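> Below is the file protein.tsv, which contains TSV, C-alpha atoms and all ligand atoms.
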```
chain	number	residue	atom	x	y	z
E	1	MET	CA	0.00	0.00	0.00
E	2	GLU	CA	1.30	3.41	-0.88
E	3	LYS	CA	1.89	5.78	1.99
E	4	THR	CA	-0.12	9.00	1.81
E	5	LEU	CA	1.80	12.04	2.85
E	6	PRO	CA	0.32	14.72	5.07
E	7	ILE	CA	0.32	18.38	4.21
E	8	ILE	CA	2.36	20.36	6.72
E	9	GLU	CA	1.13	23.91	6.79
E	10	ILE	CA	3.39	26.54	8.31
E	11	ASN	CA	1.98	29.96	8.99
E	12	GLU	CA	4.88	32.42	8.87
E	13	LYS	CA	2.66	35.17	10.22
E	14	TYR	CA	2.45	33.25	13.52
E	15	CYS	CA	5.74	31.31	13.70
E	16	LYS	CA	8.20	32.84	16.18
E	17	GLY	CA	11.11	30.57	15.39
E	18	CYS	CA	11.29	28.92	18.82
E	19	HIS	CA	12.68	25.56	17.51
E	20	ILE	CA	10.25	23.47	19.60
E	21	CYS	CA	8.69	21.66	16.62
E	22	VAL	CA	12.06	21.00	15.01
E	23	GLU	CA	13.56	19.59	18.19
E	24	PHE	CA	10.67	17.35	19.25
E	25	CYS	CA	9.84	15.89	15.84
E	26	PRO	CA	10.86	12.24	16.23
E	27	LYS	CA	11.68	11.88	12.52
E	28	ASP	CA	13.74	14.99	11.81
E	29	VAL	CA	11.21	16.22	9.25
E	30	LEU	CA	11.56	19.91	10.03
E	31	GLU	CA	14.38	22.43	10.00
E	32	MET	CA	14.89	26.11	10.67
E	33	LYS	CA	15.34	28.18	7.55
E	34	GLY	CA	16.29	31.66	8.58
E	35	PHE	CA	13.80	32.78	11.20
E	36	TYR	CA	11.02	30.32	10.31
E	37	VAL	CA	10.57	26.60	10.32
E	38	SER	CA	10.35	24.72	7.05
E	39	VAL	CA	9.79	21.15	5.90
E	40	LYS	CA	13.01	19.31	5.09
E	41	ASN	CA	11.88	15.75	4.59
E	42	LEU	CA	8.14	15.21	4.28
E	43	GLU	CA	8.61	11.56	3.27
E	44	ALA	CA	9.79	10.72	6.78
E	45	CYS	CA	6.74	12.18	8.52
E	46	ILE	CA	4.77	9.62	10.56
E	47	LYS	CA	1.88	12.03	11.25
E	48	CYS	CA	2.41	11.82	15.00
E	49	MET	CA	1.20	15.44	15.37
E	50	GLN	CA	3.87	16.25	17.97
E	51	CYS	CA	4.86	19.42	16.12
E	52	GLU	CA	1.30	20.70	15.94
E	53	LEU	CA	0.61	19.78	19.57
E	54	ARG	CA	3.70	21.49	20.98
E	55	CYS	CA	3.82	24.67	18.91
E	56	PRO	CA	2.95	27.51	21.32
E	57	ASP	CA	1.91	29.75	18.44
E	58	PHE	CA	-0.72	27.90	16.37
E	59	ALA	CA	1.81	28.13	13.53
E	60	ILE	CA	2.08	24.54	12.30
E	61	LYS	CA	-0.67	22.18	11.18
E	62	VAL	CA	-0.45	18.59	10.06
E	63	ILE	CA	-3.28	17.91	7.64
E	64	THR	CA	-3.99	14.23	7.07
E	65	ASP	CA	-6.93	12.65	5.31
H	1	MET	CA	-6.41	15.39	11.49
H	2	ALA	CA	-5.26	18.85	12.46
H	3	PHE	CA	-7.17	20.23	15.43
H	4	GLU	CA	-9.40	23.20	14.61
H	5	TYR	CA	-8.34	25.73	17.21
H	6	GLU	CA	-9.84	28.52	15.13
H	7	LYS	CA	-13.39	27.84	16.20
H	8	TRP	CA	-12.46	28.71	19.80
H	9	LEU	CA	-10.32	31.76	19.00
H	10	ARG	CA	-11.48	35.35	18.59
H	11	PRO	CA	-10.81	36.31	14.99
H	12	GLY	CA	-7.89	38.59	14.24
H	13	LYS	CA	-6.12	38.21	17.61
H	14	LEU	CA	-3.14	36.10	16.54
H	15	PRO	CA	-0.18	36.18	16.70
H	16	HIS	CA	-0.47	36.35	20.48
H	17	ILE	CA	1.76	38.57	22.62
H	18	TRP	CA	3.79	35.78	24.22
H	19	CYS	CA	7.53	35.47	23.53
H	20	PRO	CA	9.01	32.76	21.29
H	21	GLY	CA	8.75	29.44	23.13
H	22	CYS	CA	6.69	30.76	26.06
H	23	GLY	CA	4.65	27.84	27.39
H	24	HIS	CA	1.53	29.94	27.97
H	25	GLY	CA	0.55	29.27	24.34
H	26	ILE	CA	0.86	25.52	24.92
H	27	VAL	CA	-1.39	25.77	27.98
H	28	MET	CA	-3.95	27.85	26.06
H	29	LYS	CA	-4.08	25.17	23.36
H	30	GLY	CA	-4.62	22.52	26.04
H	31	LEU	CA	-7.47	24.55	27.52
H	32	ILE	CA	-9.08	24.92	24.08
H	33	ARG	CA	-8.87	21.16	23.44
H	34	ALA	CA	-10.42	20.54	26.88
H	35	MET	CA	-13.28	22.96	26.17
H	36	ASP	CA	-13.83	21.19	22.88
H	37	THR	CA	-13.83	17.73	24.48
H	38	LEU	CA	-16.31	18.92	27.11
H	39	LYS	CA	-18.46	20.53	24.39
H	40	LEU	CA	-18.77	23.64	26.54
H	41	LYS	CA	-21.20	26.26	25.31
H	42	LYS	CA	-19.51	29.61	24.76
H	43	GLU	CA	-22.35	31.55	26.35
H	44	GLU	CA	-22.30	29.32	29.44
H	45	THR	CA	-18.53	29.40	29.94
H	46	ALA	CA	-16.53	32.20	31.52
H	47	ILE	CA	-12.75	32.48	31.66
H	48	LEU	CA	-11.36	35.00	34.12
H	49	SER	CA	-7.85	36.17	34.83
H	50	GLY	CA	-5.85	38.67	36.83
H	51	ILE	CA	-2.78	40.46	35.48
H	52	GLY	CA	0.43	39.13	33.97
H	53	CYS	CA	1.54	37.44	30.76
H	54	ALA	CA	-0.44	34.30	31.69
H	55	SER	CA	-3.45	36.44	32.49
H	56	ARG	CA	-3.61	37.69	28.89
H	57	LEU	CA	-5.02	34.29	27.89
H	58	PRO	CA	-8.78	35.07	28.09
H	59	GLY	CA	-8.40	37.81	25.46
H	60	TYR	CA	-7.83	35.19	22.78
H	61	ILE	CA	-10.66	32.79	23.51
H	62	ASP	CA	-14.13	33.20	22.09
H	63	CYS	CA	-16.43	32.74	25.10
H	64	CYS	CA	-17.41	34.93	28.07
H	65	THR	CA	-14.19	36.42	29.42
H	66	LEU	CA	-13.12	38.85	32.11
H	67	HIS	CA	-9.64	40.32	32.54
H	68	THR	CA	-9.74	41.61	36.12
H	69	ALA	CA	-7.35	43.26	38.60
H	70	HIS	CA	-4.03	41.73	39.67
H	71	GLY	CA	-4.62	38.64	41.85
H	72	ARG	CA	-8.37	39.22	41.97
H	73	ALA	CA	-9.72	36.75	39.41
H	74	ALA	CA	-10.97	34.42	42.16
H	75	ALA	CA	-12.90	37.25	43.82
H	76	PHE	CA	-14.62	38.26	40.57
H	77	ALA	CA	-15.23	34.61	39.74
H	78	THR	CA	-16.83	33.99	43.13
H	79	GLY	CA	-19.27	36.84	42.47
H	80	LEU	CA	-20.06	35.49	39.02
H	81	LYS	CA	-20.57	31.92	40.20
H	82	MET	CA	-22.82	33.02	43.09
H	83	ALA	CA	-25.00	35.02	40.72
H	84	ARG	CA	-24.93	32.45	37.89
H	85	PRO	CA	-24.25	29.01	39.42
H	86	GLU	CA	-25.04	27.30	36.10
H	87	MET	CA	-22.00	28.89	34.40
H	88	ASN	CA	-18.78	26.94	33.87
H	89	VAL	CA	-16.18	29.16	35.49
H	90	ILE	CA	-12.48	28.82	34.67
H	91	LEU	CA	-9.72	30.98	36.16
H	92	VAL	CA	-6.31	31.32	34.56
H	93	GLY	CA	-3.21	33.17	35.68
H	94	GLY	CA	0.42	33.07	36.67
H	95	ASP	CA	2.30	32.09	39.82
H	96	GLY	CA	2.82	35.74	40.76
H	97	ASP	CA	-0.78	36.70	40.24
H	98	GLY	CA	-2.09	33.67	42.11
H	99	THR	CA	0.31	33.16	45.01
H	100	ALA	CA	1.69	36.64	45.74
H	101	ILE	CA	-0.83	39.48	45.40
H	102	GLY	CA	-3.69	37.00	44.88
H	103	GLY	CA	-2.65	34.46	47.51
H	104	ASN	CA	-5.45	35.53	49.81
H	105	HIS	CA	-8.18	35.08	47.21
H	106	PHE	CA	-6.66	31.78	46.12
H	107	ILE	CA	-6.73	30.19	49.58
H	108	HIS	CA	-10.24	31.37	50.35
H	109	ALA	CA	-11.63	30.03	47.08
H	110	CYS	CA	-10.00	26.71	48.01
H	111	ARG	CA	-11.46	26.90	51.52
H	112	ARG	CA	-14.99	27.53	50.25
H	113	ASN	CA	-14.76	24.76	47.69
H	114	ILE	CA	-16.69	26.82	45.18
H	115	ASP	CA	-17.27	24.99	41.91
H	116	MET	CA	-14.73	26.36	39.44
H	117	THR	CA	-11.41	25.42	37.89
H	118	TYR	CA	-8.20	27.35	38.42
H	119	ILE	CA	-5.38	26.83	35.93
H	120	ILE	CA	-2.19	28.30	37.32
H	121	MET	CA	0.75	28.66	34.94
H	122	ASN	CA	3.83	28.45	37.14
H	123	ASN	CA	6.90	29.78	35.35
H	124	TYR	CA	8.60	30.59	38.69
H	125	ILE	CA	8.75	34.32	37.98
H	126	TYR	CA	6.95	37.61	37.33
H	127	GLY	CA	7.37	37.40	33.57
H	128	MET	CA	5.45	40.45	32.47
H	129	THR	CA	7.24	43.00	34.61
H	130	GLY	CA	10.80	41.90	33.86
H	131	GLY	CA	11.55	38.86	35.96
H	132	GLN	CA	11.16	39.77	39.62
H	133	PHE	CA	11.08	36.74	41.94
H	134	SER	CA	7.70	35.32	42.92
H	135	PRO	CA	6.69	33.11	45.86
H	136	CYS	CA	7.30	30.19	43.46
H	137	THR	CA	10.88	31.08	42.49
H	138	PRO	CA	12.99	28.19	43.80
H	139	THR	CA	15.50	28.97	46.56
H	140	GLY	CA	18.85	29.98	45.15
H	141	HIS	CA	17.52	30.81	41.69
H	142	LYS	CA	18.07	34.15	40.05
H	143	ALA	CA	15.55	36.85	39.32
H	144	SER	CA	16.04	40.52	38.47
H	145	THR	CA	15.44	41.29	42.16
H	146	THR	CA	17.58	38.38	43.44
H	147	PRO	CA	20.74	38.63	41.32
H	148	TYR	CA	22.74	36.75	43.96
H	149	GLY	CA	20.19	33.97	44.35
H	150	ASN	CA	16.77	33.90	45.96
H	151	PRO	CA	16.98	33.37	49.75
H	152	ASP	CA	13.25	32.60	50.13
H	153	PRO	CA	11.78	29.12	50.44
H	154	CYS	CA	9.11	28.69	47.75
H	155	PHE	CA	5.49	27.60	47.76
H	156	ASP	CA	4.41	24.19	46.54
H	157	ILE	CA	1.15	25.15	44.83
H	158	VAL	CA	-0.26	21.63	45.04
H	159	GLU	CA	0.31	21.39	48.80
H	160	LEU	CA	-0.95	24.93	49.29
H	161	ALA	CA	-4.20	24.16	47.45
H	162	LYS	CA	-4.72	20.90	49.34
H	163	GLY	CA	-4.01	22.51	52.70
H	164	ALA	CA	-6.38	25.37	51.99
H	165	GLY	CA	-9.25	23.01	51.12
H	166	ALA	CA	-9.38	22.57	47.35
H	167	THR	CA	-11.01	19.25	46.49
H	168	PHE	CA	-9.27	18.47	43.19
H	169	VAL	CA	-5.58	19.17	42.68
H	170	ALA	CA	-3.51	18.20	39.65
H	171	ARG	CA	-0.17	19.08	38.11
H	172	GLY	CA	1.13	18.94	34.56
H	173	THR	CA	3.86	20.62	32.56
H	174	ALA	CA	4.16	22.54	29.31
H	175	PHE	CA	6.36	19.72	28.01
H	176	HIS	CA	3.61	17.15	28.59
H	177	ALA	CA	1.29	19.00	26.22
H	178	ASN	CA	-0.90	15.99	25.57
H	179	GLN	CA	-1.79	15.66	29.25
H	180	ILE	CA	-2.83	19.29	29.79
H	181	ASP	CA	-6.29	18.95	28.23
H	182	LYS	CA	-6.95	15.68	30.03
H	183	LEU	CA	-6.20	17.21	33.43
H	184	ILE	CA	-8.38	20.24	32.64
H	185	VAL	CA	-11.28	18.04	31.49
H	186	GLU	CA	-11.21	16.15	34.79
H	187	ALA	CA	-10.87	19.36	36.78
H	188	VAL	CA	-13.86	21.01	35.08
H	189	GLN	CA	-15.97	17.88	35.58
H	190	HIS	CA	-15.17	17.85	39.29
H	191	LYS	CA	-17.81	19.62	41.40
H	192	GLY	CA	-15.86	21.87	43.73
H	193	PHE	CA	-12.76	24.03	43.60
H	194	SER	CA	-10.22	22.37	41.33
H	195	VAL	CA	-6.65	23.51	40.85
H	196	VAL	CA	-4.46	22.54	37.90
H	197	GLU	CA	-0.87	23.71	38.19
H	198	ILE	CA	1.05	23.66	34.91
H	199	LEU	CA	4.81	23.99	35.28
H	200	ASP	CA	5.72	26.38	32.54
H	201	ASP	CA	8.69	28.15	31.02
H	202	CYS	CA	9.55	31.83	30.75
H	203	PRO	CA	12.63	31.81	28.54
H	204	THR	CA	12.82	35.60	28.44
H	205	THR	CA	13.05	36.59	32.09
H	206	TYR	CA	13.73	33.34	33.96
H	207	GLY	CA	15.50	31.07	31.49
H	208	ARG	CA	18.32	33.35	30.47
H	209	ARG	CA	19.09	34.40	34.06
H	210	ASN	CA	19.22	30.79	35.19
H	211	LYS	CA	21.60	29.56	32.52
H	212	PHE	CA	19.14	27.84	30.23
H	213	LYS	CA	20.60	28.12	26.75
H	214	SER	CA	17.33	27.65	24.90
H	215	VAL	CA	13.61	27.04	25.10
H	216	VAL	CA	14.29	23.42	24.18
H	217	GLU	CA	16.57	23.06	27.21
H	218	MET	CA	13.80	24.43	29.44
H	219	MET	CA	11.33	21.94	27.93
H	220	ASN	CA	13.76	19.10	28.51
H	221	ARG	CA	14.14	20.10	32.14
H	222	LEU	CA	10.35	19.86	32.59
H	223	LYS	CA	10.51	16.43	30.98
H	224	GLU	CA	13.27	15.31	33.37
H	225	ILE	CA	11.77	16.51	36.65
H	226	ALA	CA	8.21	15.26	36.09
H	227	VAL	CA	7.24	11.88	37.52
H	228	PRO	CA	3.69	10.56	37.00
H	229	VAL	CA	2.11	9.88	40.37
H	230	LYS	CA	1.66	6.16	39.60
H	231	ALA	CA	5.32	5.72	38.66
H	232	ALA	CA	6.35	7.52	41.85
H	233	GLU	CA	4.71	4.82	43.98
H	234	LYS	CA	7.43	2.42	42.91
H	235	MET	CA	10.30	4.85	43.46
H	236	THR	CA	12.47	5.41	46.53
H	237	ALA	CA	12.78	8.74	48.31
H	238	GLU	CA	16.26	8.99	46.88
H	239	GLN	CA	15.05	8.47	43.33
H	240	LEU	CA	12.39	11.12	43.87
H	241	GLN	CA	14.91	13.74	44.97
H	242	GLY	CA	14.48	16.86	42.82
H	243	LYS	CA	11.44	15.45	41.03
H	244	VAL	CA	7.86	16.73	40.97
H	245	LEU	CA	4.76	14.56	40.84
H	246	THR	CA	2.36	14.99	37.94
H	247	GLY	CA	-1.17	13.81	37.28
H	248	VAL	CA	-4.25	14.03	39.50
H	249	LEU	CA	-2.71	14.31	42.96
H	250	TYR	CA	-5.74	14.81	45.17
H	251	LYS	CA	-9.48	14.36	44.94
H	252	ASP	CA	-12.19	14.61	47.59
H	253	VAL	CA	-15.84	14.20	46.60
H	254	THR	CA	-17.26	14.40	50.12
H	255	LYS	CA	-16.80	18.08	50.96
H	256	PRO	CA	-19.91	20.21	50.25
H	257	GLU	CA	-19.73	22.63	47.34
H	258	TYR	CA	-20.23	26.30	48.18
H	259	THR	CA	-22.98	27.45	45.79
H	260	ALA	CA	-25.06	24.37	46.69
H	261	GLU	CA	-24.66	25.19	50.39
H	262	TYR	CA	-25.54	28.81	49.74
H	263	ALA	CA	-28.70	27.77	47.90
H	264	LYS	CA	-29.75	26.07	51.16
H	265	VAL	CA	-29.15	29.33	53.04
H	266	ILE	CA	-31.47	31.07	50.57
H	267	GLU	CA	-34.13	28.40	51.17
H	268	ARG	CA	-33.80	28.76	54.94
H	269	ALA	CA	-34.07	32.52	54.70
H	270	LYS	CA	-37.21	32.26	52.55
H	271	ALA	CA	-38.79	29.71	54.90
H	272	SER	CA	-38.25	31.95	57.93
H	273	LYS	CA	-40.21	34.86	56.42
X	301	LIG	C1	-1.83	46.10	41.78
X	301	LIG	C2	-0.71	45.75	40.84
X	301	LIG	N1	0.52	45.53	41.35
X	301	LIG	C3	1.53	45.19	40.52
X	301	LIG	C4	1.33	45.11	39.19
X	301	LIG	C5	2.50	44.78	38.29
X	301	LIG	N2	2.45	43.42	37.76
X	301	LIG	C6	1.92	43.16	36.55
X	301	LIG	S1	2.02	41.55	36.12
X	301	LIG	C7	2.83	41.16	37.58
X	301	LIG	C8	3.30	39.78	37.87
X	301	LIG	C9	2.84	38.73	36.94
X	301	LIG	O1	3.46	37.51	37.23
X	301	LIG	P1	2.72	36.15	36.96
X	301	LIG	O2	1.35	36.19	37.51
X	301	LIG	O3	3.59	35.05	37.44
X	301	LIG	O4	2.53	36.11	35.39
X	301	LIG	P2	3.60	35.88	34.21
X	301	LIG	O5	3.83	37.25	33.65
X	301	LIG	O6	4.83	35.26	34.81
X	301	LIG	O7	2.89	34.97	33.27
X	301	LIG	C10	2.98	42.31	38.36
X	301	LIG	C11	3.65	42.32	39.67
X	301	LIG	C12	0.03	45.35	38.69
X	301	LIG	N3	-0.26	45.24	37.39
X	301	LIG	N4	-0.96	45.66	39.53
X	302	LIG	S1	3.73	14.98	12.49
X	302	LIG	FE1	5.35	14.06	13.74
X	302	LIG	S2	6.78	13.23	12.25
X	302	LIG	FE2	5.47	14.63	11.12
X	302	LIG	S3	6.58	16.59	11.15
X	302	LIG	FE3	5.18	16.61	12.90
X	302	LIG	S4	6.40	15.85	14.61
X	302	LIG	FE4	7.49	15.29	12.73
X	303	LIG	S1	6.98	25.42	17.32
X	303	LIG	FE1	5.66	26.85	16.19
X	303	LIG	S2	6.50	28.89	16.58
X	303	LIG	FE2	8.04	27.40	17.20
X	303	LIG	S3	9.35	27.18	15.36
X	303	LIG	FE3	7.79	25.57	15.24
X	303	LIG	S4	6.10	26.47	14.05
X	303	LIG	FE4	7.44	28.17	14.68
X	304	LIG	S1	8.05	37.44	29.50
X	304	LIG	FE1	8.08	35.26	29.99
X	304	LIG	S2	5.98	34.76	30.66
X	304	LIG	FE2	5.92	36.72	29.54
X	304	LIG	S3	5.43	36.17	27.42
X	304	LIG	FE3	7.67	36.34	27.59
X	304	LIG	S4	8.34	34.22	28.03
X	304	LIG	FE4	6.14	34.30	28.46
X	305	MG	MG	4.90	33.87	36.38
```
Now, as a test, write the supplied structure out as structure tokens.

Amino acid sequence: MEKTLPIIEINEKYCKGCHICVEFCPKDVLEMKGFYVSVKNLEACIKCMQCELRCPDFAIKVITD
Amino acid sequence: MAFEYEKWLRPGKLPHIWCPGCGHGIVMKGLIRAMDTLKLKKEETAILSGIGCASRLPGYIDCCTLHTAHGRAAAFATGLKMARPEMNVILVGGDGDGTAIGGNHFIHACRRNIDMTYIIMNNYIYGMTGGQFSPCTPTGHKASTTPYGNPDPCFDIVELAKGAGATFVARGTAFHANQIDKLIVEAVQHKGFSVVEILDDCPTTYGRRNKFKSVVEMMNRLKEIAVPVKAAEKMTAEQLQGKVLTGVLYKDVTKPEYTAEYAKVIERAKASK
């Protein structure tokens, strides 16, 4: 069965660059790019939602089907 | 699926005022998930706060809210609950607001066992005003007003609430984000005064003075010190040194609730006419 990838939505208007999502992602999917977070390796995402849960700023969403 | 926080937020209020990595945002998200789980009605739910960074929380949430005077949220909330006992009343605030200037109101709300939930975000400091020490700053730690280390012993909010008469007392942390909503759900469901302490981080005024290099380091410290109450049962006193217990730490369903008792007073007064 083919793995469906989530959509990771980052809202740069809200992101404050705190690193929390990058650090606590168990699969190293995210990275800091300048001030904001960005997706480095979407393929590795296991949709655990840790990034969305921990972000203090409502800035990252993991959209799955 | 992504959680829809938007339906509980007042439009146009984000980004919030809190600093990068401040745990208050994590607590607010936990509260929103709890309100959603409980299917609270916006018009029957009131969130009240005092003053401080933590106390800015009600401004973001779309329900009945009241931003009151420093330390006085419990007093306003008591008035509200007495007049409208059917309302779900939730108080939020910081350690400074709740245990320094508001310590009096806090202990008396506990003593009365009035049915409401108090979420206290303990970041060990007066964040908003530049990092003065609070009654929850650990001994020896640095604040702007204790640059050589705080000589004061600090309050244990859980023990304080229990001692003063609260009938539901729980503790979580901003690291254990997943647990925050679960503790709040149980606290709101409890009939009586329930206290949920969330150990929090203030990277801006506490973290940098106390040699935390980053927000992530502060989060990891919360992870390290927290021990779930069940796990603690199997640990020795030595192993528990420097740890804090998390989870539901106290529950008493026998003590009468204040508004119910007051309703009886009203009945007695009517009968005596
Ligand atoms: C009557 C009064 N005294 C003092 C202040 C100044 N003041 C504003 S916020 C605050 C402390 C807030 O600390 P805390 O409740 O821990 O919230 P935090 O900012 O850490 O989230 C103080 C002393 C005030 N606003 N009103
Ligand atoms: S959902 Fe989990 S694996 Fe995917 S980016 Fe977020 S934290 Fe990483
Ligand atoms: S946790 Fe949120 S605010 Fe912090 S870097 Fe990630 S998206 Fe940005
Ligand atoms: S000063 Fe501290 S408590 Fe206030 S918003 Fe900044 S990090 Fe949070
Ligand atoms: Mg504080």
> Under the rule of at most 9 Å, produce a per-residue listing of chain H near ligand LIG 301 (chain X): chain, number, name, the closest pair of atoms, and the distance in Å, as JSON lines, using only C-alpha atoms and all ligand atoms.

```
{"residue": "H:His24", "atom": "CA", "partner": "X:LIG301", "partner_atom": "O7", "distance": 7.4}
{"residue": "H:Gly50", "atom": "CA", "partner": "X:LIG301", "partner_atom": "O2", "distance": 7.6}
{"residue": "H:Ile51", "atom": "CA", "partner": "X:LIG301", "partner_atom": "S1", "distance": 5.0}
{"residue": "H:Gly52", "atom": "CA", "partner": "X:LIG301", "partner_atom": "S1", "distance": 3.6}
{"residue": "H:Cys53", "atom": "CA", "partner": "X:LIG301", "partner_atom": "O5", "distance": 3.7}
{"residue": "H:Ala54", "atom": "CA", "partner": "X:LIG301", "partner_atom": "O7", "distance": 3.7}
{"residue": "H:Ser55", "atom": "CA", "partner": "X:LIG301", "partner_atom": "O7", "distance": 6.6}
{"residue": "H:Arg56", "atom": "CA", "partner": "X:LIG301", "partner_atom": "O7", "distance": 8.3}
{"residue": "H:Ala69", "atom": "CA", "partner": "X:LIG301", "partner_atom": "N4", "distance": 6.9}
{"residue": "H:His70", "atom": "CA", "partner": "X:LIG301", "partner_atom": "N4", "distance": 5.0}
{"residue": "H:Gly71", "atom": "CA", "partner": "X:LIG301", "partner_atom": "O2", "distance": 7.8}
{"residue": "H:Gly93", "atom": "CA", "partner": "X:LIG301", "partner_atom": "O2", "distance": 5.8}
{"residue": "H:Gly94", "atom": "CA", "partner": "X:LIG301", "partner_atom": "O2", "distance": 3.4}
{"residue": "H:Asp95", "atom": "CA", "partner": "X:LIG301", "partner_atom": "O3", "distance": 4.0}
{"residue": "H:Gly96", "atom": "CA", "partner": "X:LIG301", "partner_atom": "O3", "distance": 3.5}
{"residue": "H:Asp97", "atom": "CA", "partner": "X:LIG301", "partner_atom": "O2", "distance": 3.5}
{"residue": "H:Gly98", "atom": "CA", "partner": "X:LIG301", "partner_atom": "O2", "distance": 6.3}
{"residue": "H:Thr99", "atom": "CA", "partner": "X:LIG301", "partner_atom": "O2", "distance": 8.2}
{"residue": "H:Ala100", "atom": "CA", "partner": "X:LIG301", "partner_atom": "O2", "distance": 8.2}
{"residue": "H:Ile101", "atom": "CA", "partner": "X:LIG301", "partner_atom": "N1", "distance": 7.4}
{"residue": "H:Gly102", "atom": "CA", "partner": "X:LIG301", "partner_atom": "O2", "distance": 9.0}
{"residue": "H:Ile120", "atom": "CA", "partner": "X:LIG301", "partner_atom": "O2", "distance": 8.6}
{"residue": "H:Met121", "atom": "CA", "partner": "X:LIG301", "partner_atom": "O7", "distance": 6.9}
{"residue": "H:Asn122", "atom": "CA", "partner": "X:LIG301", "partner_atom": "O3", "distance": 6.6}
{"residue": "H:Asn123", "atom": "CA", "partner": "X:LIG301", "partner_atom": "O6", "distance": 5.9}
{"residue": "H:Tyr124", "atom": "CA", "partner": "X:LIG301", "partner_atom": "O3", "distance": 6.8}
{"residue": "H:Ile125", "atom": "CA", "partner": "X:LIG301", "partner_atom": "O6", "distance": 5.1}
{"residue": "H:Tyr126", "atom": "CA", "partner": "X:LIG301", "partner_atom": "O1", "distance": 3.5}
{"residue": "H:Gly127", "atom": "CA", "partner": "X:LIG301", "partner_atom": "O5", "distance": 3.5}
{"residue": "H:Met128", "atom": "CA", "partner": "X:LIG301", "partner_atom": "O5", "distance": 3.8}
{"residue": "H:Thr129", "atom": "CA", "partner": "X:LIG301", "partner_atom": "S1", "distance": 5.6}
{"residue": "H:Gly130", "atom": "CA", "partner": "X:LIG301", "partner_atom": "O5", "distance": 8.4}
{"residue": "H:Gly131", "atom": "CA", "partner": "X:LIG301", "partner_atom": "O6", "distance": 7.7}
{"residue": "H:Gln132", "atom": "CA", "partner": "X:LIG301", "partner_atom": "C11", "distance": 7.9}
{"residue": "H:Phe133", "atom": "CA", "partner": "X:LIG301", "partner_atom": "O3", "distance": 8.9}
{"residue": "H:Ser134", "atom": "CA", "partner": "X:LIG301", "partner_atom": "O3", "distance": 6.9}
{"residue": "H:Cys136", "atom": "CA", "partner": "X:LIG301", "partner_atom": "O3", "distance": 8.6}
{"residue": "H:Asp201", "atom": "CA", "partner": "X:LIG301", "partner_atom": "O6", "distance": 8.9}
{"residue": "H:Cys202", "atom": "CA", "partner": "X:LIG301", "partner_atom": "O6", "distance": 7.1}
{"residue": "H:Thr205", "atom": "CA", "partner": "X:LIG301", "partner_atom": "O6", "distance": 8.8}
```
> Nearest to chain H: which of E:Val29, E:Cys45, E:Ile7, E:Val39 is it, counting all atoms listed in the file?
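Counting all atoms listed in the file, the residue closest to chain H is E:Ile7.
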> Using all atoms listed in the file, what are the residues with an atom within 9 Å of ligand LIG 303 (chain X), set out as a PyMOL selection string?
(chain E and resi 10-12+14-23+30-32+35-38+51-61) or (chain H and resi 20-21)
> To test the calculation: enclose all listed atoms of ligand LIG 304 (chain X) in a box whose edges run along x, y and z, add 4 Å on each side, then state centre and edge lengths in Å to one decimal, as JSON.

```
{"center_x": 6.9, "center_y": 35.8, "center_z": 29.0, "size_x": 10.9, "size_y": 11.2, "size_z": 11.2}
```
> For region 75-90 of chain H, please output as a list in words all residues within 9 Å (counting all atoms listed in the file; exclusion window: fewer than 2 positions along the same chain).
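Once the adjacent positions are removed, what remains is Leu40, Lys41, Glu43, Glu44, Thr45, Ala46, Ile47, Leu48, Ser49, Leu66, Thr68, Gly71, Arg72, Ala73, Val92, His105, Phe106, Ala109, Ile114, Asp115, Met116, Thr117, Tyr118, Ile119, Val188, Tyr258, Thr259, Ala260 and Tyr262 of chain H.
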> Please report the interatomic distance between CA of Cys154 (chain H) and CA of His141 (chain H) in Å with one decimal.
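The value is 10.6 Å.
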> May I have the residues within 12 Å of Gln239 (chain H) as a list of chain:residue names, using all atoms listed in the file and disregarding those fewer than 6 positions away in the same chain?
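The filter keeps H:Ile225, H:Val227, H:Ala231, H:Ala232, H:Glu233.
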> Identify, counting only C-alpha atoms and all ligand atoms, the protein, DNA and RNA residues located within 6 Å of ligand LIG 302 (chain X), and give them as a PDB file with C-alpha atoms, keeping the file's coordinate frame.

```pdb
ATOM      1  CA  CYS E  25       9.840  15.890  15.840  1.00  0.00           C
ATOM      2  CA  PRO E  26      10.860  12.240  16.230  1.00  0.00           C
ATOM      3  CA  LYS E  27      11.680  11.880  12.520  1.00  0.00           C
ATOM      4  CA  VAL E  29      11.210  16.220   9.250  1.00  0.00           C
ATOM      5  CA  CYS E  45       6.740  12.180   8.520  1.00  0.00           C
ATOM      6  CA  ILE E  46       4.770   9.620  10.560  1.00  0.00           C
ATOM      7  CA  LYS E  47       1.880  12.030  11.250  1.00  0.00           C
ATOM      8  CA  CYS E  48       2.410  11.820  15.000  1.00  0.00           C
ATOM      9  CA  MET E  49       1.200  15.440  15.370  1.00  0.00           C
ATOM     10  CA  GLN E  50       3.870  16.250  17.970  1.00  0.00           C
ATOM     11  CA  CYS E  51       4.860  19.420  16.120  1.00  0.00           C
TER      12      CYS E  51
END
```
> What's the separation between atom FE1 of ligand LIG 304 (chain X) and CA of Gly140 (chain H), in Å to one decimal place?
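Here the two named atoms are 19.3 Å from each other.
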> With distances taken over all atoms listed in the file, which residue among H:Glu224, H:Glu257, H:Glu6, H:Glu267 lies nearest chain E?
H:Glu6
> Pick out the chain H residues within 10 Å of chain E. Count only C-alpha atoms. Give them as an MDAnalysis selection string.
chainID H and resid 1:6 14:30 174:178 214:217 219:220
> In Å, rounded to a single decimal, give me how far CA of Thr65 (chain H) is from CA of Lys42 (chain H).
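These two atoms are separated by 9.8 Å.
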